[in-house]
Structure formats: structure tokens, C-alpha cells
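Here's data.txt, which has compact mmCIF, C-alpha atoms:
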```txt
# COMPACT_ATOMS: atom_id res chain seq x y z
CA MET K 94 0.22 -9.15 -120.23
CA ALA K 95 -1.30 -5.66 -120.12
CA ASP K 96 -2.01 -6.03 -116.39
CA PHE K 97 1.61 -7.08 -115.78
CA VAL K 98 3.03 -4.09 -117.65
CA LEU K 99 0.64 -1.63 -115.97
CA SER K 100 1.40 -3.07 -112.53
CA ASN K 101 5.17 -2.59 -112.97
CA LEU K 102 4.66 0.89 -114.39
CA LEU K 103 2.58 1.93 -111.37
CA LYS K 104 5.23 0.61 -108.99
CA ALA K 105 7.95 2.52 -110.83
CA LEU K 106 5.97 5.76 -110.74
CA ASN K 107 4.73 5.28 -107.19
CA LEU K 108 6.94 7.78 -105.38
CA LYS K 109 6.89 10.24 -108.26
CA MET K 110 3.08 10.19 -108.38
CA ILE K 111 2.80 10.83 -104.65
CA LYS K 112 5.27 13.73 -104.80
CA ASN K 113 3.67 15.34 -107.84
CA PHE K 114 0.16 14.97 -106.43
CA CYS K 115 1.08 16.64 -103.15
CA ILE K 116 2.90 19.51 -104.89
CA THR K 117 0.04 20.04 -107.34
CA ALA K 118 -2.60 19.97 -104.60
CA CYS K 119 -0.70 22.48 -102.45
CA CYS K 120 -0.11 24.87 -105.35
CA PHE K 121 -3.72 24.59 -106.41
CA LEU K 122 -5.01 25.40 -102.94
CA LEU K 123 -2.61 28.32 -102.57
CA GLY K 124 -3.77 29.68 -105.90
CA ILE K 125 -7.49 29.53 -105.16
CA ILE K 126 -7.40 30.54 -101.52
CA SER K 127 -6.79 34.15 -102.56
CA THR K 128 -10.04 34.40 -104.55
CA SER K 129 -12.78 36.76 -103.43
CA ALA K 130 -15.41 35.55 -101.04
CA GLN K 131 -18.80 34.67 -102.49
CA VAL K 132 -22.11 33.43 -101.23
CA VAL K 133 -22.03 29.63 -101.08
CA GLY K 134 -24.47 28.40 -103.73
CA GLY K 135 -26.79 30.24 -106.07
CA ARG K 136 -24.06 31.40 -108.46
CA ASN K 137 -23.02 28.09 -109.97
CA SER K 138 -24.22 25.74 -112.63
CA TYR K 139 -24.93 22.11 -111.68
CA ASP K 140 -25.33 22.93 -107.98
CA PHE K 141 -26.86 19.47 -107.46
CA LEU K 142 -23.32 18.05 -107.50
CA SER K 143 -22.75 19.51 -104.03
CA LEU K 144 -25.64 17.55 -102.47
CA SER K 145 -25.10 14.50 -100.29
CA PHE K 146 -25.85 11.41 -102.38
CA SER K 147 -25.28 8.96 -99.52
CA ALA K 148 -27.81 8.21 -96.77
CA ARG K 149 -24.92 7.55 -94.41
CA ALA K 150 -23.29 10.89 -95.22
CA THR K 151 -26.61 12.70 -94.86
CA ALA K 152 -26.98 11.34 -91.32
CA LEU K 153 -23.44 12.50 -90.56
CA GLY K 154 -23.92 16.17 -91.37
CA GLY K 155 -23.98 15.80 -95.15
CA ASN K 156 -20.26 15.17 -95.46
CA LEU K 157 -18.13 12.06 -94.93
CA ILE K 158 -14.76 12.02 -96.70
CA THR K 159 -12.79 10.39 -93.87
CA VAL K 160 -13.93 6.75 -93.86
CA ARG K 161 -12.60 3.84 -95.90
CA ASP K 162 -14.59 0.63 -95.50
CA ASN K 163 -16.91 -1.45 -97.71
CA ASP K 164 -19.56 1.27 -98.21
CA LEU K 165 -19.77 2.04 -101.93
CA GLY K 166 -22.21 4.88 -101.23
CA LEU K 167 -19.25 7.02 -100.11
CA VAL K 168 -17.55 7.04 -103.53
CA LEU K 169 -19.18 10.35 -104.50
CA GLN K 170 -17.95 11.85 -101.23
CA ASN K 171 -14.36 10.72 -101.73
CA PRO K 172 -13.20 8.62 -104.71
CA ALA K 173 -10.04 7.67 -102.79
CA ALA K 174 -12.29 5.67 -100.44
CA LEU K 175 -12.74 3.07 -103.20
CA ASN K 176 -10.97 -0.14 -102.17
CA GLN K 177 -10.85 -3.87 -102.79
CA GLU K 178 -13.50 -4.60 -100.14
CA MET K 179 -16.01 -3.06 -102.58
CA HIS K 180 -15.29 -5.69 -105.24
CA HIS K 181 -18.59 -6.53 -106.99
CA SER K 182 -20.50 -4.14 -104.71
CA ALA K 183 -23.69 -2.40 -105.81
CA THR K 184 -25.58 0.46 -104.18
CA ILE K 185 -28.80 2.40 -104.62
CA GLN K 186 -29.29 5.66 -102.71
CA GLN K 187 -32.53 7.63 -102.85
CA SER K 188 -33.50 10.88 -101.16
CA VAL K 189 -36.87 12.55 -100.66
CA TYR K 190 -36.34 16.31 -100.71
CA PHE K 191 -38.67 19.32 -100.69
CA SER K 192 -41.68 20.00 -102.96
CA GLY K 193 -41.53 16.72 -104.81
CA ILE K 194 -37.80 16.95 -105.54
CA THR K 195 -35.99 13.60 -105.47
CA PHE K 196 -32.38 12.67 -106.13
CA GLY K 197 -30.20 9.60 -105.87
CA HIS K 198 -27.22 7.55 -106.91
CA ALA K 199 -26.81 4.05 -108.31
CA GLY K 200 -23.37 2.50 -108.73
CA TYR K 201 -21.28 -0.63 -109.09
CA ALA K 202 -17.61 -1.29 -108.20
CA TYR K 203 -15.01 -3.76 -109.40
CA HIS K 204 -11.48 -4.42 -108.12
CA LEU K 205 -8.72 -5.30 -110.57
CA LYS K 206 -6.86 -8.11 -108.84
CA LYS K 207 -3.52 -7.93 -110.63
CA ILE K 208 -3.07 -4.20 -110.09
CA PRO K 209 -4.07 -2.11 -107.05
CA LEU K 210 -6.94 -0.34 -108.82
CA THR K 211 -10.63 -0.25 -107.92
CA VAL K 212 -13.11 1.22 -110.39
CA HIS K 213 -16.69 2.41 -110.10
CA ALA K 214 -19.37 3.28 -112.64
CA GLY K 215 -22.66 4.92 -111.76
CA ILE K 216 -25.17 7.67 -112.23
CA GLN K 217 -26.29 10.49 -109.95
CA TYR K 218 -29.55 12.19 -110.75
CA ILE K 219 -32.04 14.75 -109.50
CA SER K 220 -35.60 15.46 -110.59
CA TYR K 221 -37.07 18.85 -109.74
CA GLY K 222 -40.64 17.76 -110.45
CA LYS K 223 -43.28 19.46 -112.58
CA PHE K 224 -43.61 23.18 -113.22
CA GLN K 225 -46.45 25.15 -114.70
CA ARG K 226 -45.71 26.89 -117.98
CA THR K 227 -47.34 30.30 -118.55
CA ASN K 228 -47.00 33.02 -121.14
CA SER K 229 -46.17 36.69 -120.54
CA ILE K 230 -49.72 37.50 -119.41
CA GLY K 231 -50.04 34.51 -117.06
CA GLU K 232 -52.07 32.16 -119.25
CA GLU K 233 -51.38 28.49 -118.49
CA GLN K 234 -49.76 26.51 -121.31
CA GLY K 235 -49.24 23.12 -119.73
CA ASP K 236 -46.47 21.65 -117.60
CA PHE K 237 -42.77 21.06 -118.04
CA LYS K 238 -40.08 19.17 -116.13
CA ALA K 239 -36.52 19.86 -115.06
CA SER K 240 -33.76 17.42 -114.16
CA ASP K 241 -30.00 17.00 -113.92
CA ASN K 242 -27.98 13.82 -114.42
CA ALA K 243 -24.33 12.90 -114.20
CA LEU K 244 -22.64 9.78 -115.58
CA VAL K 245 -19.82 8.95 -113.18
CA ALA K 246 -16.63 6.91 -113.63
CA SER K 247 -14.25 6.63 -110.65
CA VAL K 248 -10.91 4.99 -110.00
CA SER K 249 -8.81 4.55 -106.88
CA TYR K 250 -5.13 3.63 -106.70
CA ARG K 251 -3.67 2.10 -103.53
CA ALA K 252 -0.17 3.59 -103.53
CA THR K 253 0.86 2.13 -100.18
CA GLU K 254 -0.82 0.26 -97.36
CA ARG K 255 -1.93 3.57 -95.86
CA LEU K 256 -2.06 5.98 -98.78
CA SER K 257 -4.53 5.96 -101.67
CA PHE K 258 -5.50 8.35 -104.45
CA GLY K 259 -8.76 8.59 -106.32
CA SER K 260 -10.58 10.50 -109.02
CA SER K 261 -14.12 10.73 -110.37
CA GLN K 262 -14.99 12.02 -113.83
CA LYS K 263 -18.56 13.14 -114.49
CA ILE K 264 -20.41 13.97 -117.68
CA VAL K 265 -23.28 16.24 -116.68
CA LEU K 266 -26.54 16.39 -118.64
CA SER K 267 -28.96 19.11 -117.58
CA GLY K 268 -32.39 19.96 -118.93
CA ILE K 269 -34.82 22.71 -117.88
CA GLU K 270 -37.88 22.92 -120.13
CA GLY K 271 -36.42 23.59 -123.59
CA TYR K 272 -33.00 24.63 -122.30
CA ASN K 273 -30.19 22.10 -122.11
CA SER K 274 -26.58 22.06 -121.04
CA ILE K 275 -23.75 19.53 -121.12
CA GLY K 276 -20.71 19.78 -118.90
CA TRP K 277 -17.85 17.97 -117.22
CA ALA K 278 -16.88 17.80 -113.55
CA SER K 279 -13.95 16.13 -111.86
CA ASP K 280 -13.11 15.15 -108.26
CA TRP K 281 -9.56 14.47 -107.05
CA ALA K 282 -8.75 13.00 -103.65
CA ALA K 283 -6.04 11.60 -101.40
CA MET K 284 -6.60 9.53 -98.27
CA TYR K 285 -4.16 8.45 -95.55
CA ALA K 286 -5.50 5.75 -93.23
CA ASP K 287 -3.43 4.50 -90.28
CA THR K 288 -5.32 1.46 -89.00
CA ALA K 289 -2.93 0.95 -86.07
CA LYS K 290 -3.63 4.41 -84.69
CA ARG K 291 -7.23 4.40 -86.02
CA LEU K 292 -6.62 7.75 -87.73
CA THR K 293 -7.65 8.89 -91.20
CA PHE K 294 -6.86 12.09 -93.08
CA SER K 295 -8.40 13.08 -96.42
CA LEU K 296 -8.03 15.87 -98.95
CA VAL K 297 -10.70 16.23 -101.64
CA LEU K 298 -11.03 18.77 -104.44
CA LYS K 299 -14.57 18.55 -105.77
CA ASN K 300 -16.25 19.65 -108.98
CA ILE K 301 -13.38 20.98 -111.05
CA GLY K 302 -14.75 21.43 -114.54
CA THR K 303 -16.74 23.49 -116.99
CA GLN K 304 -19.84 23.69 -119.16
CA PHE K 305 -19.39 22.44 -122.72
CA THR K 306 -22.72 23.84 -123.87
CA THR K 307 -24.71 26.54 -122.11
CA TYR K 308 -28.43 27.00 -121.45
CA GLY K 309 -28.78 30.31 -123.26
CA LYS K 310 -27.82 31.45 -126.74
CA ASP K 311 -25.49 34.09 -125.32
CA GLY K 312 -22.92 31.38 -124.54
CA LYS K 313 -22.32 32.60 -121.00
CA ARG K 314 -20.72 29.90 -118.84
CA TYR K 315 -21.14 29.74 -115.08
CA PRO K 316 -18.64 28.15 -112.67
CA LEU K 317 -19.23 24.78 -111.08
CA PRO K 318 -19.74 24.44 -107.28
CA PHE K 319 -16.06 23.84 -106.51
CA ASP K 320 -15.22 22.79 -102.96
CA ALA K 321 -11.85 22.16 -101.32
CA GLN K 322 -12.22 19.86 -98.31
CA PHE K 323 -9.90 18.42 -95.68
CA GLY K 324 -10.94 16.15 -92.84
CA MET K 325 -9.78 13.78 -90.16
CA SER K 326 -11.44 10.96 -88.26
CA HIS K 327 -10.43 8.96 -85.21
CA ARG K 328 -11.86 5.78 -83.79
CA LEU K 329 -11.55 5.49 -80.04
CA LYS K 330 -9.55 2.58 -78.67
CA TYR K 331 -11.85 1.41 -75.87
CA LEU K 332 -15.18 2.61 -77.21
CA PRO K 333 -16.83 1.66 -80.54
CA LEU K 334 -17.11 5.30 -81.53
CA ARG K 335 -15.64 7.13 -84.52
CA PHE K 336 -15.80 10.90 -84.82
CA SER K 337 -14.86 13.16 -87.72
CA ILE K 338 -14.13 16.84 -88.23
CA ILE K 339 -14.34 17.98 -91.84
CA GLY K 340 -13.46 21.39 -93.22
CA HIS K 341 -15.22 22.52 -96.39
CA HIS K 342 -15.04 25.56 -98.69
CA LEU K 343 -11.44 25.98 -97.58
CA HIS K 344 -10.60 27.96 -100.72
CA ARG K 345 -12.51 31.01 -99.45
CA TRP K 346 -12.50 32.72 -96.09
CA ASN K 347 -15.84 34.48 -95.80
CA ILE K 348 -18.77 32.13 -96.40
CA ARG K 349 -21.28 33.99 -94.25
CA TYR K 350 -24.36 35.24 -96.03
CA ASP K 351 -24.56 39.04 -96.07
CA ASP K 352 -28.29 39.59 -95.59
CA PRO K 353 -29.29 43.03 -96.93
CA ALA K 354 -32.44 42.89 -94.78
CA LEU K 355 -30.40 43.18 -91.61
CA GLU K 356 -29.96 46.67 -90.25
CA THR K 357 -26.51 45.99 -88.83
CA GLU K 358 -23.86 45.31 -91.41
CA THR K 359 -21.30 42.66 -90.49
CA VAL K 360 -17.83 42.65 -91.93
CA ILE K 361 -15.77 39.47 -91.95
CA GLY K 362 -12.17 39.60 -93.04
CA PRO K 363 -10.55 41.52 -95.89
CA ASP K 364 -12.85 40.09 -98.57
CA ASN K 365 -15.77 42.32 -97.62
CA ASN K 366 -16.10 45.16 -100.08
CA SER K 367 -17.97 47.61 -97.87
CA GLY K 368 -15.07 48.61 -95.65
CA ASN K 369 -17.50 49.66 -92.90
CA GLY K 370 -18.17 48.17 -89.49
CA LYS K 371 -15.93 46.30 -87.10
CA VAL K 372 -14.79 42.72 -87.03
CA THR K 373 -15.57 41.15 -83.67
CA PHE K 374 -14.01 38.02 -82.22
CA GLY K 375 -17.43 36.38 -82.27
CA ASP K 376 -17.76 37.08 -86.01
CA VAL K 377 -14.42 35.45 -86.74
CA VAL K 378 -15.20 32.38 -84.61
CA ASP K 379 -18.61 32.00 -86.26
CA ASN K 380 -17.08 32.16 -89.73
CA VAL K 381 -14.47 29.55 -88.80
CA PHE K 382 -17.10 27.14 -87.50
CA ARG K 383 -19.18 27.59 -90.66
CA HIS K 384 -16.34 25.84 -92.46
CA LEU K 385 -16.65 22.75 -90.24
CA THR K 386 -18.86 19.68 -90.10
CA PHE K 387 -18.82 17.49 -86.97
CA ASN K 388 -20.14 13.94 -86.78
CA PHE K 389 -19.90 10.70 -84.87
CA GLU K 390 -20.81 7.09 -85.58
CA LEU K 391 -21.43 4.48 -82.89
CA LEU K 392 -20.55 0.97 -84.15
CA LEU K 393 -22.48 -1.70 -82.27
CA GLY K 394 -22.53 -5.48 -82.43
CA LYS K 395 -19.92 -8.16 -82.96
CA LYS K 396 -19.59 -7.35 -86.66
CA GLU K 397 -20.74 -3.73 -86.32
CA ALA K 398 -24.10 -4.73 -87.77
CA PHE K 399 -25.90 -1.77 -86.20
CA ARG K 400 -24.69 1.83 -86.33
CA ILE K 401 -26.09 5.02 -84.82
CA ARG K 402 -25.10 8.30 -86.47
CA ALA K 403 -25.40 12.02 -85.83
CA GLY K 404 -23.89 15.15 -87.32
CA TYR K 405 -23.88 18.93 -87.15
CA ASP K 406 -23.20 21.48 -89.88
CA ARG K 407 -22.85 25.05 -88.60
CA LEU K 408 -23.10 26.55 -92.09
CA ARG K 409 -26.53 25.03 -92.70
CA GLN K 410 -27.74 26.17 -89.30
CA GLY K 411 -26.46 29.69 -89.89
CA GLU K 412 -27.93 29.97 -93.40
CA MET K 413 -31.23 28.14 -92.89
CA GLY K 414 -32.09 29.08 -89.33
CA VAL K 415 -34.84 31.65 -88.73
CA SER K 416 -34.01 34.58 -86.48
CA GLY K 417 -35.98 34.45 -83.23
CA LEU K 418 -37.20 30.88 -83.78
CA ARG K 419 -35.62 27.64 -82.65
CA SER K 420 -35.11 24.86 -85.16
CA LEU K 421 -32.98 21.78 -85.77
CA ALA K 422 -31.52 23.20 -88.98
CA GLY K 423 -27.96 21.94 -89.29
CA PHE K 424 -28.54 18.80 -87.23
CA SER K 425 -28.82 15.33 -88.72
CA ALA K 426 -29.08 11.75 -87.52
CA GLY K 427 -29.68 8.24 -88.77
CA PHE K 428 -28.74 4.60 -88.52
CA GLY K 429 -27.37 1.69 -90.49
CA ILE K 430 -28.20 -1.97 -90.11
CA LYS K 431 -27.08 -5.16 -91.83
CA ILE K 432 -29.87 -7.61 -92.58
CA TYR K 433 -28.83 -10.88 -94.19
CA LYS K 434 -26.40 -9.73 -96.90
CA PHE K 435 -27.74 -6.20 -97.30
CA ASN K 436 -26.63 -2.97 -95.66
CA ILE K 437 -29.58 -0.64 -95.13
CA ASP K 438 -29.02 3.02 -94.24
CA TYR K 439 -31.32 5.84 -93.26
CA GLY K 440 -30.43 9.49 -92.86
CA PHE K 441 -32.51 12.39 -91.58
CA SER K 442 -31.43 15.99 -92.07
CA SER K 443 -33.24 19.07 -90.82
CA GLN K 444 -32.83 21.69 -93.52
CA HIS K 445 -35.24 24.38 -92.35
CA LEU K 446 -38.39 24.96 -90.32
CA GLY K 447 -40.25 24.42 -93.59
CA GLY K 448 -38.96 20.95 -94.34
CA THR K 449 -36.61 18.05 -93.75
CA MET K 450 -34.79 15.54 -95.93
CA HIS K 451 -35.12 11.77 -95.67
CA HIS K 452 -32.46 9.61 -97.29
CA PHE K 453 -32.48 5.84 -97.84
CA GLY K 454 -29.77 3.54 -99.10
CA ILE K 455 -29.25 -0.16 -99.71
CA SER K 456 -25.97 -1.85 -100.64
CA THR K 457 -24.70 -5.38 -101.10
CA ARG K 458 -21.73 -7.34 -102.40
CA MET K 459 -22.47 -9.88 -105.12
CA THR K 460 -19.60 -12.04 -103.87
CA ASP K 461 -21.47 -12.53 -100.57
CA PHE K 462 -24.00 -14.63 -102.43
```
Would you mind writing the structure in this file as C-alpha cells?
Amino acid sequence: MADFVLSNLLKALNLKMIKNFCITACCFLLGIISTSAQVVGGRNSYDFLSLSFSARATALGGNLITVRDNDLGLVLQNPAALNQEMHHSATIQQSVYFSGITFGHAGYAYHLKKIPLTVHAGIQYISYGKFQRTNSIGEEQGDFKASDNALVASVSYRATERLSFGSSQKIVLSGIEGYNSIGWASDWAAMYADTAKRLTFSLVLKNIGTQFTTYGKDGKRYPLPFDAQFGMSHRLKYLPLRFSIIGHHLHRWNIRYDDPALETETVIGPDNNSGNGKVTFGDVVDNVFRHLTFNFELLLGKKEAFRIRAGYDRLRQGEMGVSGLRSLAGFSAGFGIKIYKFNIDYGFSSQHLGGTMHHFGISTRMTDF
């Protein structure tokens, strides 16, 4: 009875929900796009939420909000990607990062048959390893650990055959030695997928939220790593290739790092406070491309059982590259293969000359058994 009532209510509110969501999203973006430019990262609490928790996404430049298929690992990228093909799906994603740091995601999805809703429950976690505790004069006093965790609940509503909306709510639990913090983060997304034209468009607003309790006794709260993203993907008609272009940090113009060690000061746009220097065309173009992630996925086999992936993130290359030295920072690659009833993914991402990230994932649908 409850399912019947909820189903009719959703149908009645269908058009109103779509209209209100679009108006709210546009107003929200217009409101935040005027904020001052800041360095991306390093000023937020719970920065781990901005990491790629999918091996497939890691291989594709660290960002994949434009694909809707049966891959449950993409739910943390875009909750609107949840769909009925993920019914009874389970996934485990694990990454090996720098200096003993590891992070991952485990989740399960269920589709409600009588109403067009798909739900997901999971956990995303990161362990920063062991640290040495010392006193004010450098005497060793043992070790301590640091970690962050987020309990995630997601839901996706299929408004029409092409349009879906989704949201993820996260309770964040953070602990660093004897300091702890609890917070809340929320993702909101819309996805339009035209299967006839093989086109997909997505809008995602990530990590809207706050800290409930702070690390220090002063009660100072730090913002979450908010990110406004918009992307499109297109699958070619006569070639099993899908490419995506994804814009990130669209709520701020200048995301270039202003390195004080550089002798020449670069000014990008009106958000720079120095007021000195000249804005060149090359500076503007570079800043635009730092907002973009490019990737492609080659789908091979009769049932697309083998996939080759590659991606490029200009922001990572610009921030993590070393002047005068060549590196693969910003480039990523990987593959996916289906063995029996399991989808196995591997992603490789070059972060810096000093290290790389390896990401593994395995997913399956219980109904396949």
C-alpha cells in the first residue's frame, strides 16, 4: 500500500520536481560562482571526500560522472547514475596510495520494483597509516594513527526514460590522534541520457555540508571540499569508443596555484588580489583547461567484456608537475574485464615523480548467481 501511494505521489510531482531542481541548481551555481578564488585543496576539512573511490574513475582521469550502466562503483561519482541494473549489486574498491596510505569503498544497491527508486548503502574510508608521537623537545612517545570514514546512503529517482536525479548523504567520522570530528556531506546530481543519440549530460554538486563537531576546542569550523561539476559523454556510432569531457570546480574561476617561489607573478582574472602583472592569452587558456578532465573508454568484445581506459587531468599535471622535468603527472590508464560473474577493474594514476596510485575494484550482481 505504501509503495502504491508513494508511486502515485512521485508521478504527480514529477514535472514540479524537475522544474524546481533545475531552478535551484541554476540559482545555487550563480550564487557561488561569484566567490573568491582559492587554492584547490589544503583549506578544507574532510578533503578525502574529493578522492576517486572507483578504480574505473581513477583510470579515466579521476572523474567519471557521465556514465550510467551497471557499475555500482560510480555511485560516489554521481548518485544519479544509480539505476535498476544495479539491483542486488555489491562492490569493493581499494586503492594503494603514497606512504602507506590506503582508501576504499564498499557498497550494496537495491532497486525498489514498484517505484522508480534505486538505493545504495556503503562506506568510504581512508587510513593515513602510523605516525610517530613526540613531545616538545623531540622525545619519542609511541605511535598514533589517523583515519577518516563516511557512512553513505544514496538514492536515485528515474523521472523519465532519459532523466534521473540522485543524492548521497554522508555522515563523516574523522579521527587524528586524540582529536575527533563528526560532520555531514551531501551530493546532489542530475543526469540526462539519450541512448538513441548515445549522449549523456550530468550536473553534480558535491560535498555540500558542515562539521557538527570540530577537532579543536576553539570550535572553528572549516568548509568542506565543495565541487560543482558538469560533463558530457558521447559513444561513437561505428566505433566501440566512448569519450567524456568533464568540467570541475566550476564555481570558481582561478584554480591555478600561485607559487610564491616563482620570480614572475602571474595574474589570472579579477580574483587575483595583487593587481600587478598582465593577463596573457596563454594564462587564460591554461586556467580554462585546468577545469577539464578528458577521458576515453574502448569497449571490446561481444558483451563489452574487456575495456581499455585512459584519461588526462590538466589540473593535476599543472599542480604536481616539476618544472624542468618530464613526468606523467595528470595521465592515467587502466582496464576492466569480466571474468565469470565478476567485473574486475584496475586503474593507474601518475600523481607525481615521487609516486603513483594503483586502484583495484571488484563488483558483482547477486542476481547473476
Show me, as a PyMOL selection string, the residues that have an atom within 7 Å of region 269-284 of chain K when counting all atoms listed in the file, minus same-chain residues fewer than 4 positions from it. chain K and resi 171-173+237-240+256-265+294-308
Shell around Gln186 (chain K) at 7 Å using all atoms listed in the file, local window under 6 positions removed, as JSON, numbers by chain: {"K": [146, 147, 148, 197, 198, 199, 453, 454, 455]}
What is the CA of Leu165 (chain K)-CA of Arg458 (chain K) distance in Å, reported with one decimal? 9.6 Å
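The protein and nucleic acid residues lying at most 9 Å from Asn163 (chain K) are Ala174, Leu175, Asn176, Gln177, Glu178, Met179, His180, Ser182 and Arg458 of chain K, with all atoms listed in the file considered and sequence neighbours fewer than 6 positions away removed.
Each of K:Phe399, K:Gly200, K:Phe141, K:Thr151 was checked against Phe424 (chain K) using only C-alpha atoms; the smallest atom-to-atom distance is that of K:Thr151.
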Using only C-alpha atoms, the best pick from K:Thr293, K:Phe319, K:Asp461, K:Met450 as closest to Asn137 (chain K) would be K:Phe319
What is the CA of Ala403 (chain K)-CA of Ile338 (chain K) distance in Å, reported with one decimal?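 Between CA of Ala403 (chain K) and CA of Ile338 (chain K) the gap is 12.5 Å.
Among the candidates K:Lys395, K:Arg149, K:Arg345, K:Arg409, the residue lying nearest to Asp438 (chain K) is K:Arg149 (atoms considered: only C-alpha atoms).
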Restricting the calculation to only C-alpha atoms, which member of K:Tyr405, K:Tyr250, K:Tyr139, K:Tyr285 is positioned closest to Ile339 (chain K)?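 Comparing K:Tyr405, K:Tyr250, K:Tyr139, K:Tyr285 against Ile339 (chain K), the winner is K:Tyr405.
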Would you work out the distance separating CA of Gly414 (chain K) from CA of Gln444 (chain K), expressed in Å to one decimal? 8.5 Å
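Compared by their closest atoms to His341 (chain K), and using only C-alpha atoms, the residues K:Leu157, K:Ala202, K:Ala152, K:Ile230 rank with K:Leu157 nearest.
The smallest atom-to-atom distance between Asp241 (chain K) and any of K:Ser229, K:Phe224, K:Gly166, K:Phe196, using all atoms listed in the file, is found for K:Phe196.
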